[in-house]
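J.: Dropping a structure here in structure tokens format, bear with me for questions.
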Amino acid sequence: MVQQERRAAKQHSDVLSAAKPLWALARRKEVPKAERAQDIARLHDAIRGRVQDVVLKHDASRIVQTLVKHGSQITRDEVASELAGRFRDLAQNKYSKFLVTKLVRMCPKRRASILAEFRGHVVRLLLHREASGVLADAFELYANAFERALLAFDFYGREVALFTPALKKGASASED
């Protein structure tokens with residue numbers, strides 16, 4: 001009884017209490033694709049609009065990871081757009097760093113914008129205990145040449161910025 005009251009008093013407990021049973025259904029191993037798609041859709045509806053609020057918690061981060069892993073590309077892109085602007089903080093978090101790595105791997109259209117959020121902070125993130133793994137995986141395993149240049153750009157001096165217009169903030173590979 002006391003434990004339930006403590007859980008209910010926590011921030012975003014209503015979202016988590018609604019999402020956890022749906023998560024249990026969505027992460028089952030031996031499920032037909034059609035049934036899993038329905039479970040993922042219900043799970044997405046339960047946390048839609050609240051992903052930023054819950055993603056820093058251990059159990060909720062696992063819920064969002066399951067959504068990204070088993071969801072459609074549209075679902076992944078929606079989660080990535082909802083988290084836009086917070087990827088640097090998420091990469092430094094003990095629980096949500098795995099989600100950032102999953103989004104970098106599974107959302108190739110959003111990868112450049114995710115990595116662009118690290119611009120200006122790459123050196124500090126490489127020294128961070130949690131974020132260093134995220135950057136290493138992104139650079140070594142998933143990034144193309146342009147995205148690698150976005151990450152490596154912080155290691156050069158300010159003078160280089162004068163001569164590389166394609167690497168300015170908000171630029172994309174198509175502007176070359």
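Chain labels A, B, ... are given in the sequence in which chains occur in the structure tokens; within each chain residues are numbered consecutively from 1, and ligands are likewise numbered from 1 in the order shown.
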Show me, as a ChimeraX atom specification, the residues that have an atom within 9 Å of segment 46-57 of chain A when counting only C-alpha atoms, minus same-chain residues fewer than 3 positions from it.

T.: /A:11-12,15-16,18-19,22,41-43,60-64,78-79,82-83,86,90,93-96,99

J.: Quick one: write out the picked residues with N, CA and C atoms as a tab-separated table (two decimals), in the first residue's frame?

T.:
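Resulting contents of result.tsv:
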```
chain	number	residue	atom	x	y	z
A	11	GLN	N	6.81	11.88	-10.13
A	11	GLN	CA	6.49	12.63	-11.33
A	11	GLN	C	6.28	11.68	-12.51
A	12	HIS	N	5.27	11.90	-13.31
A	12	HIS	CA	4.94	11.14	-14.50
A	12	HIS	C	4.54	9.70	-14.20
A	15	VAL	N	1.81	8.27	-16.65
A	15	VAL	CA	2.29	7.81	-17.96
A	15	VAL	C	2.95	6.44	-17.81
A	16	LEU	N	3.79	6.30	-16.80
A	16	LEU	CA	4.51	5.03	-16.62
A	16	LEU	C	3.57	3.89	-16.25
A	18	ALA	N	0.53	3.55	-17.15
A	18	ALA	CA	-0.22	3.17	-18.35
A	18	ALA	C	0.68	2.48	-19.37
A	19	ALA	N	1.95	2.86	-19.42
A	19	ALA	CA	2.85	2.33	-20.44
A	19	ALA	C	3.47	0.98	-20.09
A	22	LEU	N	1.65	-2.14	-21.40
A	22	LEU	CA	1.75	-2.16	-22.86
A	22	LEU	C	3.16	-2.54	-23.29
A	41	ALA	N	1.87	0.31	-31.47
A	41	ALA	CA	1.02	1.48	-31.73
A	41	ALA	C	0.33	1.95	-30.44
A	42	ARG	N	-0.16	1.00	-29.65
A	42	ARG	CA	-0.79	1.38	-28.38
A	42	ARG	C	0.22	1.98	-27.41
A	43	LEU	N	1.42	1.41	-27.38
A	43	LEU	CA	2.48	1.94	-26.52
A	43	LEU	C	2.87	3.35	-26.94
A	60	ALA	N	11.48	3.85	-17.94
A	60	ALA	CA	10.86	4.55	-19.05
A	60	ALA	C	11.80	4.61	-20.25
A	61	SER	N	13.08	4.69	-20.01
A	61	SER	CA	14.03	4.69	-21.11
A	61	SER	C	13.97	3.35	-21.85
A	62	ARG	N	13.79	2.27	-21.12
A	62	ARG	CA	13.66	0.96	-21.74
A	62	ARG	C	12.38	0.88	-22.57
A	63	ILE	N	11.34	1.53	-22.11
A	63	ILE	CA	10.07	1.54	-22.84
A	63	ILE	C	10.27	2.24	-24.19
A	64	VAL	N	10.93	3.39	-24.18
A	64	VAL	CA	11.15	4.14	-25.42
A	64	VAL	C	12.10	3.37	-26.34
A	78	GLU	N	9.29	10.09	-35.34
A	78	GLU	CA	8.48	10.90	-34.43
A	78	GLU	C	9.13	11.00	-33.05
A	79	VAL	N	9.68	9.90	-32.57
A	79	VAL	CA	10.37	9.92	-31.28
A	79	VAL	C	11.60	10.81	-31.38
A	82	GLU	N	10.63	14.42	-31.38
A	82	GLU	CA	10.16	14.83	-30.07
A	82	GLU	C	11.33	15.09	-29.11
A	83	LEU	N	12.43	14.38	-29.34
A	83	LEU	CA	13.61	14.55	-28.48
A	83	LEU	C	14.60	15.57	-29.03
A	86	ARG	N	17.59	17.86	-27.29
A	86	ARG	CA	17.98	17.31	-25.99
A	86	ARG	C	18.98	16.16	-26.11
A	90	LEU	N	20.78	13.79	-23.24
A	90	LEU	CA	20.44	12.37	-23.23
A	90	LEU	C	21.67	11.50	-23.35
A	93	ASN	N	23.32	10.91	-20.02
A	93	ASN	CA	22.53	10.23	-19.00
A	93	ASN	C	22.83	8.75	-18.98
A	94	LYS	N	22.86	8.18	-17.81
A	94	LYS	CA	23.18	6.77	-17.61
A	94	LYS	C	22.22	5.83	-18.32
A	95	TYR	N	20.97	6.22	-18.44
A	95	TYR	CA	19.96	5.35	-19.01
A	95	TYR	C	19.61	5.69	-20.46
A	96	SER	N	19.53	6.95	-20.76
A	96	SER	CA	19.07	7.33	-22.10
A	96	SER	C	20.17	7.32	-23.15
A	99	LEU	N	19.40	4.90	-25.84
A	99	LEU	CA	18.37	5.37	-26.77
A	99	LEU	C	18.98	6.25	-27.86
```

J.: Find the residues around Ile74 of chain A up to 12 Å (only C-alpha atoms counted), leave out those fewer than 6 positions away in its own chain, and share them as a compact mmCIF listing (two decimals) with all heavy atoms, in the first residue's frame.

T.:
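Dumped to result_1.txt:
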```
# COMPACT_ATOMS: atom_id res chain seq x y z
N ALA A 41 1.87 0.31 -31.47
CA ALA A 41 1.02 1.48 -31.73
C ALA A 41 0.33 1.95 -30.44
O ALA A 41 0.27 3.16 -30.17
CB ALA A 41 -0.01 1.15 -32.80
N HIS A 44 2.96 3.55 -28.24
CA HIS A 44 3.30 4.88 -28.75
C HIS A 44 2.23 5.89 -28.40
O HIS A 44 2.53 7.04 -28.03
CB HIS A 44 3.54 4.81 -30.26
CG HIS A 44 4.12 6.05 -30.82
ND1 HIS A 44 3.82 6.50 -32.06
CD2 HIS A 44 4.98 6.97 -30.30
CE1 HIS A 44 4.47 7.62 -32.29
NE2 HIS A 44 5.17 7.93 -31.24
N LEU A 67 10.14 0.86 -28.14
CA LEU A 67 9.36 1.54 -29.16
C LEU A 67 10.20 1.81 -30.41
O LEU A 67 9.75 1.59 -31.53
CB LEU A 67 8.81 2.85 -28.59
CG LEU A 67 7.82 3.64 -29.41
CD1 LEU A 67 6.54 2.84 -29.59
CD2 LEU A 67 7.52 4.95 -28.72
N VAL A 68 11.43 2.25 -30.21
CA VAL A 68 12.32 2.53 -31.34
C VAL A 68 12.75 1.23 -32.01
O VAL A 68 12.81 1.14 -33.24
CB VAL A 68 13.54 3.35 -30.87
CG1 VAL A 68 14.60 3.43 -31.94
CG2 VAL A 68 13.10 4.74 -30.44
N ALA A 80 12.35 10.70 -32.48
CA ALA A 80 13.55 11.51 -32.66
C ALA A 80 13.20 13.00 -32.73
O ALA A 80 13.90 13.84 -32.16
CB ALA A 80 14.30 11.08 -33.91
N SER A 81 12.12 13.34 -33.42
CA SER A 81 11.74 14.75 -33.51
C SER A 81 11.24 15.28 -32.17
O SER A 81 11.43 16.45 -31.86
CB SER A 81 10.69 14.95 -34.60
OG SER A 81 9.49 14.31 -34.26
N MET A 106 19.22 3.76 -36.16
CA MET A 106 17.99 3.40 -36.84
C MET A 106 17.27 4.56 -37.53
O MET A 106 16.25 4.33 -38.18
CB MET A 106 17.04 2.73 -35.85
CG MET A 106 17.58 1.45 -35.29
SD MET A 106 16.42 0.72 -34.14
CE MET A 106 16.63 -0.99 -34.54
N CYS A 107 17.77 5.76 -37.41
CA CYS A 107 17.17 6.92 -38.08
C CYS A 107 18.22 7.62 -38.94
O CYS A 107 18.72 8.70 -38.58
CB CYS A 107 16.61 7.91 -37.06
SG CYS A 107 15.26 7.28 -36.09
N LYS A 109 18.01 9.35 -41.60
CA LYS A 109 17.65 10.69 -42.07
C LYS A 109 17.84 11.74 -40.99
O LYS A 109 18.04 12.91 -41.28
CB LYS A 109 16.20 10.71 -42.56
CG LYS A 109 16.00 9.92 -43.83
CD LYS A 109 14.57 10.00 -44.29
CE LYS A 109 14.38 9.17 -45.56
NZ LYS A 109 12.99 9.18 -45.99
N ARG A 110 17.75 11.34 -39.75
CA ARG A 110 17.89 12.27 -38.63
C ARG A 110 19.30 12.25 -38.03
O ARG A 110 19.59 13.03 -37.12
CB ARG A 110 16.90 11.91 -37.54
CG ARG A 110 15.49 11.95 -38.01
CD ARG A 110 14.72 12.84 -37.13
NE ARG A 110 13.35 12.87 -37.57
CZ ARG A 110 12.68 13.99 -37.66
NH1 ARG A 110 13.24 15.11 -37.35
NH2 ARG A 110 11.44 13.98 -38.06
```

J.: Residues of chain A in helix (DSSP H, G or I) according to DSSP, as a ChimeraX atom specification?

T.: /A:2-9,13-26,33-47,51-54,58-70,73-82,87-91,97-106,111-116,122-126,131-142,145-155,158-163,165-167,173-175

J.: Distance atom CA of Glu159 of chain A-atom CA of Gly120 of chain A, one decimal place?

T.: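 Value for the atom CA of Glu159 of chain A-atom CA of Gly120 of chain A distance: 14.4 Å.
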
J.: Nearest to Leu151 of chain A: which of A:Lys33, A:Arg119, A:Arg124, A:Arg129 is it, counting only C-alpha atoms?

T.: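 Of all the options, A:Arg119 lies closest to Leu151 of chain A.
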
J.: Contacts of His121 of chain A at 12 Å or less, counting only C-alpha atoms, minus same-chain residues fewer than 6 places along, as a PyMOL selection string?

T.: chain A and resi 87-89+91-92+115+127-128+131-132+135+150-155

J.: Could you turn the residues from that selection into a file that holds C-alpha atoms, as a PDB file, in the first residue's frame?

T.:
```
ATOM      1  CA  PHE A  87      20.336  14.722 -27.477  1.00  0.00           C
ATOM      2  CA  ARG A  88      23.423  16.143 -25.779  1.00  0.00           C
ATOM      3  CA  ASP A  89      21.786  15.808 -22.356  1.00  0.00           C
ATOM      4  CA  ALA A  91      23.879  11.143 -24.302  1.00  0.00           C
ATOM      5  CA  GLN A  92      25.242  12.092 -20.882  1.00  0.00           C
ATOM      6  CA  LEU A 115      25.169  14.622 -34.388  1.00  0.00           C
ATOM      7  CA  LEU A 127      35.713  13.009 -21.726  1.00  0.00           C
ATOM      8  CA  HIS A 128      32.309  12.240 -20.224  1.00  0.00           C
ATOM      9  CA  ALA A 131      28.629  10.154 -23.585  1.00  0.00           C
ATOM     10  CA  SER A 132      32.017   8.928 -24.821  1.00  0.00           C
ATOM     11  CA  LEU A 135      30.111   9.375 -29.724  1.00  0.00           C
ATOM     12  CA  LEU A 150      30.641  17.237 -38.040  1.00  0.00           C
ATOM     13  CA  LEU A 151      32.084  15.420 -35.049  1.00  0.00           C
ATOM     14  CA  ALA A 152      35.755  15.966 -35.921  1.00  0.00           C
ATOM     15  CA  PHE A 153      35.216  19.656 -36.600  1.00  0.00           C
ATOM     16  CA  ASP A 154      35.579  20.572 -32.912  1.00  0.00           C
ATOM     17  CA  PHE A 155      39.188  19.413 -32.906  1.00  0.00           C
TER      18      PHE A 155
END
```

J.: What's the separation between atom CA of Val134 of chain A and atom CA of His58 of chain A, in Å to one decimal place?

T.: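 Interatomic distance here is 17.2 Å.
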
J.: Using atom CA of Glu130 of chain A and atom CA of Lys69 of chain A as the two end points, give the distance in Å to one decimal.

T.: 20.9 Å

J.: Which one is closest to Gly85 of chain A: A:Ser113, A:Ser17, A:Asn144, A:Gln38? Count only C-alpha atoms.

T.: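 Ranking A:Ser113, A:Ser17, A:Asn144, A:Gln38 by distance to Gly85 of chain A, first place goes to A:Ser113.
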
J.: Go through A:Ala37, A:Val122, A:Ala136, A:Val104 one by one, measure the shortest atom-to-atom distance of each to Thr75 of chain A using only C-alpha atoms, and give the residue with the smallest value.

T.: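 That would be A:Ala37, the residue with the smallest distance to Thr75 of chain A.
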
J.: Rank A:Leu126, A:Ala34, A:Val2, A:Ile40 by their smallest atom-to-atom distance to Phe139 of chain A, using only C-alpha atoms, and report the top residue only.

T.: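 Of A:Leu126, A:Ala34, A:Val2, A:Ile40, the one nearest Phe139 of chain A, counting only C-alpha atoms, is A:Leu126.
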
J.: Neighbours of Ala143 of chain A within 9 Å (only C-alpha atoms; same-chain residues fewer than 6 positions away dropped), as a PyMOL selection string?

T.: chain A and resi 104-105+108+111-112+115+137
